[in-house]
$ cat protein26.cif   # mmCIF, C-alpha atoms
data_target
#
loop_
_atom_site.group_PDB
_atom_site.id
_atom_site.type_symbol
_atom_site.label_atom_id
_atom_site.label_comp_id
_atom_site.auth_asym_id
_atom_site.auth_seq_id
_atom_site.Cartn_x
_atom_site.Cartn_y
_atom_site.Cartn_z
ATOM 1 C CA MET D 1 -13.667 -34.419 12.642
ATOM 2 C CA CYS D 2 -12.305 -32.761 9.529
ATOM 3 C CA LEU D 3 -13.052 -29.115 8.940
ATOM 4 C CA THR D 4 -13.000 -27.827 5.396
ATOM 5 C CA MET D 5 -12.367 -24.250 4.452
ATOM 6 C CA LYS D 6 -14.547 -22.516 1.952
ATOM 7 C CA VAL D 7 -12.336 -21.069 -0.768
ATOM 8 C CA LYS D 8 -13.911 -18.217 -2.628
ATOM 9 C CA LYS D 9 -12.910 -18.108 -6.281
ATOM 10 C CA MET D 10 -12.382 -14.823 -8.029
ATOM 11 C CA THR D 11 -15.412 -13.750 -10.001
ATOM 12 C CA ASN D 12 -16.005 -10.948 -12.466
ATOM 13 C CA GLU D 13 -17.945 -9.184 -9.718
ATOM 14 C CA MET D 14 -14.768 -8.994 -7.599
ATOM 15 C CA ILE D 15 -12.524 -7.397 -10.247
ATOM 16 C CA PRO D 16 -13.636 -3.763 -9.673
ATOM 17 C CA TYR D 17 -13.175 -4.253 -5.932
ATOM 18 C CA ILE D 18 -9.697 -5.684 -6.432
ATOM 19 C CA LEU D 19 -8.851 -2.605 -8.510
ATOM 20 C CA ILE D 20 -10.209 -0.415 -5.712
ATOM 21 C CA GLY D 21 -7.918 -2.293 -3.316
ATOM 22 C CA TYR D 22 -4.913 -1.564 -5.501
ATOM 23 C CA CYS D 23 -5.979 2.090 -5.820
ATOM 24 C CA SER D 24 -5.944 2.155 -2.031
ATOM 25 C CA ILE D 25 -2.329 0.964 -2.113
ATOM 26 C CA VAL D 26 -1.369 3.731 -4.553
ATOM 27 C CA VAL D 27 -3.115 6.411 -2.476
ATOM 28 C CA SER D 28 -1.461 5.160 0.706
ATOM 29 C CA SER D 29 1.948 5.116 -0.978
ATOM 30 C CA ILE D 30 1.526 8.686 -2.208
ATOM 31 C CA SER D 31 0.632 9.672 1.335
ATOM 32 C CA GLN D 32 3.791 8.035 2.667
ATOM 33 C CA VAL D 33 5.889 9.848 0.059
ATOM 34 C CA LEU D 34 4.352 13.181 1.077
ATOM 35 C CA LEU D 35 5.162 12.530 4.729
ATOM 36 C CA LYS D 36 8.714 11.478 3.932
ATOM 37 C CA LYS D 37 9.320 14.554 1.768
ATOM 38 C CA GLU D 38 7.940 16.809 4.474
ATOM 39 C CA SER D 39 10.080 15.162 7.138
ATOM 40 C CA GLN D 40 13.180 16.231 5.225
ATOM 41 C CA ILE D 41 12.281 19.917 5.590
ATOM 42 C CA LYS D 42 13.442 21.887 8.638
ATOM 43 C CA HIS D 43 10.565 23.691 10.357
ATOM 44 C CA SER D 44 10.764 26.655 12.691
ATOM 45 C CA SER D 45 8.361 25.150 15.233
ATOM 46 C CA ALA D 46 6.950 21.796 16.301
ATOM 47 C CA ILE D 47 3.457 22.946 15.379
ATOM 48 C CA GLY D 48 4.694 23.847 11.894
ATOM 49 C CA GLU D 49 5.936 20.300 11.451
ATOM 50 C CA TYR D 50 2.469 18.847 11.883
ATOM 51 C CA LEU D 51 0.096 21.611 10.865
ATOM 52 C CA ASN D 52 1.070 22.255 7.283
ATOM 53 C CA ILE D 53 -0.634 21.467 4.010
ATOM 54 C CA LYS D 54 1.525 18.473 3.046
ATOM 55 C CA VAL D 55 1.113 16.667 6.369
ATOM 56 C CA ILE D 56 -2.611 17.360 6.577
ATOM 57 C CA THR D 57 -3.037 16.225 2.957
ATOM 58 C CA ALA D 58 -1.018 13.062 3.652
ATOM 59 C CA TYR D 59 -3.207 12.142 6.622
ATOM 60 C CA GLY D 60 -6.315 12.909 4.568
ATOM 61 C CA LEU D 61 -4.999 10.527 1.899
ATOM 62 C CA PHE D 62 -4.391 7.859 4.553
ATOM 63 C CA PHE D 63 -8.002 8.234 5.662
ATOM 64 C CA PHE D 64 -9.208 8.024 2.044
ATOM 65 C CA SER D 65 -7.042 4.944 1.527
ATOM 66 C CA THR D 66 -8.681 3.304 4.533
ATOM 67 C CA LEU D 67 -12.119 4.009 3.085
ATOM 68 C CA LEU D 68 -11.066 2.508 -0.251
ATOM 69 C CA THR D 69 -9.747 -0.581 1.524
ATOM 70 C CA MET D 70 -13.010 -1.010 3.431
ATOM 71 C CA LEU D 71 -14.921 -0.681 0.169
ATOM 72 C CA ALA D 72 -12.677 -3.257 -1.525
ATOM 73 C CA TYR D 73 -13.258 -5.769 1.274
ATOM 74 C CA ARG D 74 -16.993 -5.676 0.654
ATOM 75 C CA LYS D 75 -16.475 -8.196 -2.159
ATOM 76 C CA VAL D 76 -12.828 -9.235 -1.888
ATOM 77 C CA PRO D 77 -12.069 -11.938 0.681
ATOM 78 C CA LEU D 78 -9.852 -10.968 3.594
ATOM 79 C CA SER D 79 -7.441 -13.669 2.499
ATOM 80 C CA MET D 80 -6.304 -11.321 -0.288
ATOM 81 C CA GLY D 81 -5.078 -8.802 2.291
ATOM 82 C CA PRO D 82 -1.510 -10.119 2.299
ATOM 83 C CA ILE D 83 -1.381 -9.693 -1.476
ATOM 84 C CA PHE D 84 -2.409 -6.064 -1.108
ATOM 85 C CA ASP D 85 0.199 -5.579 1.620
ATOM 86 C CA CYS D 86 3.001 -7.028 -0.491
ATOM 87 C CA GLY D 87 1.991 -4.816 -3.385
ATOM 88 C CA SER D 88 2.364 -1.758 -1.177
ATOM 89 C CA TYR D 89 5.886 -2.773 -0.096
ATOM 90 C CA ILE D 90 6.981 -3.135 -3.700
ATOM 91 C CA LEU D 91 5.437 0.207 -4.658
ATOM 92 C CA ILE D 92 7.119 1.992 -1.738
ATOM 93 C CA ILE D 93 10.517 0.632 -2.782
ATOM 94 C CA ALA D 94 9.880 1.745 -6.381
ATOM 95 C CA LEU D 95 8.783 5.227 -5.295
ATOM 96 C CA GLY D 96 11.787 5.547 -2.996
ATOM 97 C CA VAL D 97 14.112 4.789 -5.882
ATOM 98 C CA ARG D 98 12.290 7.093 -8.304
ATOM 99 C CA ILE D 99 11.475 10.088 -6.110
ATOM 100 C CA PHE D 100 14.143 10.045 -3.403
ATOM 101 C CA HIS D 101 16.904 8.600 -5.583
ATOM 102 C CA GLU D 102 17.483 5.824 -3.084
ATOM 103 C CA ARG D 103 19.785 3.064 -4.216
ATOM 104 C CA LEU D 104 18.192 -0.133 -5.412
ATOM 105 C CA THR D 105 20.471 -2.481 -3.542
ATOM 106 C CA LYS D 106 20.872 -6.200 -4.007
ATOM 107 C CA ARG D 107 19.072 -6.673 -0.711
ATOM 108 C CA LYS D 108 16.021 -4.685 -1.906
ATOM 109 C CA ILE D 109 15.910 -6.612 -5.185
ATOM 110 C CA ILE D 110 16.010 -9.918 -3.292
ATOM 111 C CA ALA D 111 13.279 -8.666 -0.944
ATOM 112 C CA MET D 112 11.051 -7.690 -3.875
ATOM 113 C CA ALA D 113 11.674 -11.058 -5.549
ATOM 114 C CA ILE D 114 10.716 -12.888 -2.347
ATOM 115 C CA LEU D 115 7.576 -10.759 -2.034
ATOM 116 C CA LEU D 116 6.584 -11.473 -5.638
ATOM 117 C CA LEU D 117 7.290 -15.168 -5.181
ATOM 118 C CA GLY D 118 5.182 -15.140 -2.036
ATOM 119 C CA ILE D 119 2.299 -13.513 -3.893
ATOM 120 C CA ILE D 120 2.536 -16.128 -6.648
ATOM 121 C CA VAL D 121 2.676 -19.041 -4.197
ATOM 122 C CA TYR D 122 -0.147 -17.581 -2.115
ATOM 123 C CA ALA D 123 -2.327 -17.069 -5.201
ATOM 124 C CA ILE D 124 -1.859 -20.669 -6.355
#
$ encode --input "protein26.cif" --output "C-alpha cells"
Amino acid sequence: MCLTMKVKKMTNEMIPYILIGYCSIVVSSISQVLLKKESQIKHSSAIGEYLNIKVITAYGLFFFSTLLTMLAYRKVPLSMGPIFDCGSYILIIALGVRIFHERLTKRKIIAMAILLLGIIVYAI
C-alpha cells in the first residue's frame, strides 16, 4: 500500500506567520548575544552572574521567541522548522563576526554555504 504525503503549499495567508517565525529567530539571536556578552564579564558572586538585568532580559527574550515560534506554527507547517533553524545559525555567525569581532574563517563560510544550499534543496 502506498502512502502519500500531503504537501502544503505556501499561501498568502502564511506569509505573515513566516515573518513572525523569522522575527523569532532574530529575537532568539539577540538573546544569545546578550548572554555571550554577559558571560565575558567577571562577577563578584555566582548569584550576580545569573541575577542581573542582561541575563534576565536574555531569558525573557528567549521566552518571547518561543511564543513567537508557537504563533508562527499556527499557520506554517512544521516542515519549515529546519529552514528556521538554519536561518538562526547563519544569523548567529553574522552577529558573532559583527559584534564580537570573531574571524570569519573558511570553515564558517563553507558551513554557511552548506546551510544555504540545504535550505534551497529543502525548499525545492
$ atom_distance --input "protein26.cif" --atom1 "atom CA of D:Ile20" --atom2 "atom CA of D:Ile53"
25.8 Å
$ residues_around --input "protein26.cif" --residues "D:Val55" --least-positions-apart "6" --cutoff "8 Å" --atoms "all atoms listed in the file" --output "JSON, numbers by chain"
{"D": [34, 35, 38, 49]}
$ resolve_selection --input "protein26.cif" --expression "the PyMOL selection byres ((chain D and resi 78-88) around 6)" --output "list in words"
Ile25, Pro77, Tyr89, Ile90, Leu91 and Ile119 of chain D
$ closest_residue --input "protein26.cif" --among "D:Leu61, D:Val33, D:Ile18, D:Val26" --to "D:Gly96" --atoms "all atoms listed in the file"
D:Val33
$ atom_distance --input "protein26.cif" --atom1 "atom CA of D:Gly21" --atom2 "atom CA of D:Ala72"
5.2 Å
$ resolve_selection --input "protein26.cif" --expression "the PyMOL selection byres ((chain D and resi 75) around 10)" --output "short mmCIF file (atom, residue, chain, number, x, y, z; two decimals) with C-alpha atoms, in the frame of the given file"
data_model
loop_
_atom_site.label_atom_id
_atom_site.label_comp_id
_atom_site.auth_asym_id
_atom_site.auth_seq_id
_atom_site.Cartn_x
_atom_site.Cartn_y
_atom_site.Cartn_z
CA MET D 10 -12.38 -14.82 -8.03
CA THR D 11 -15.41 -13.75 -10.00
CA GLU D 13 -17.94 -9.18 -9.72
CA MET D 14 -14.77 -8.99 -7.60
CA ILE D 15 -12.52 -7.40 -10.25
CA PRO D 16 -13.64 -3.76 -9.67
CA TYR D 17 -13.18 -4.25 -5.93
CA ILE D 18 -9.70 -5.68 -6.43
CA MET D 70 -13.01 -1.01 3.43
CA LEU D 71 -14.92 -0.68 0.17
CA ALA D 72 -12.68 -3.26 -1.52
CA TYR D 73 -13.26 -5.77 1.27
CA ARG D 74 -16.99 -5.68 0.65
CA VAL D 76 -12.83 -9.24 -1.89
CA PRO D 77 -12.07 -11.94 0.68
CA LEU D 78 -9.85 -10.97 3.59
#
$ atom_distance --input "protein26.cif" --atom1 "atom CA of D:Arg98" --atom2 "atom CA of D:Ala58"
18.9 Å
$ resolve_selection --input "protein26.cif" --expression "the PyMOL selection byres ((chain D and resi 112) around 10)" --output "PyMOL selection string"
chain D and resi 86-87+89-91+93-94+106-111+113-118
$ closest_residue --input "protein26.cif" --among "D:Ser45, D:Asn12, D:Thr57, D:Asn52" --to "D:Ser31" --atoms "all atoms listed in the file"
D:Thr57
$ closest_residue --input "protein26.cif" --among "D:Ile47, D:Ile41, D:Cys23, D:Leu104" --to "D:Phe64" --atoms "only C-alpha atoms"
D:Cys23
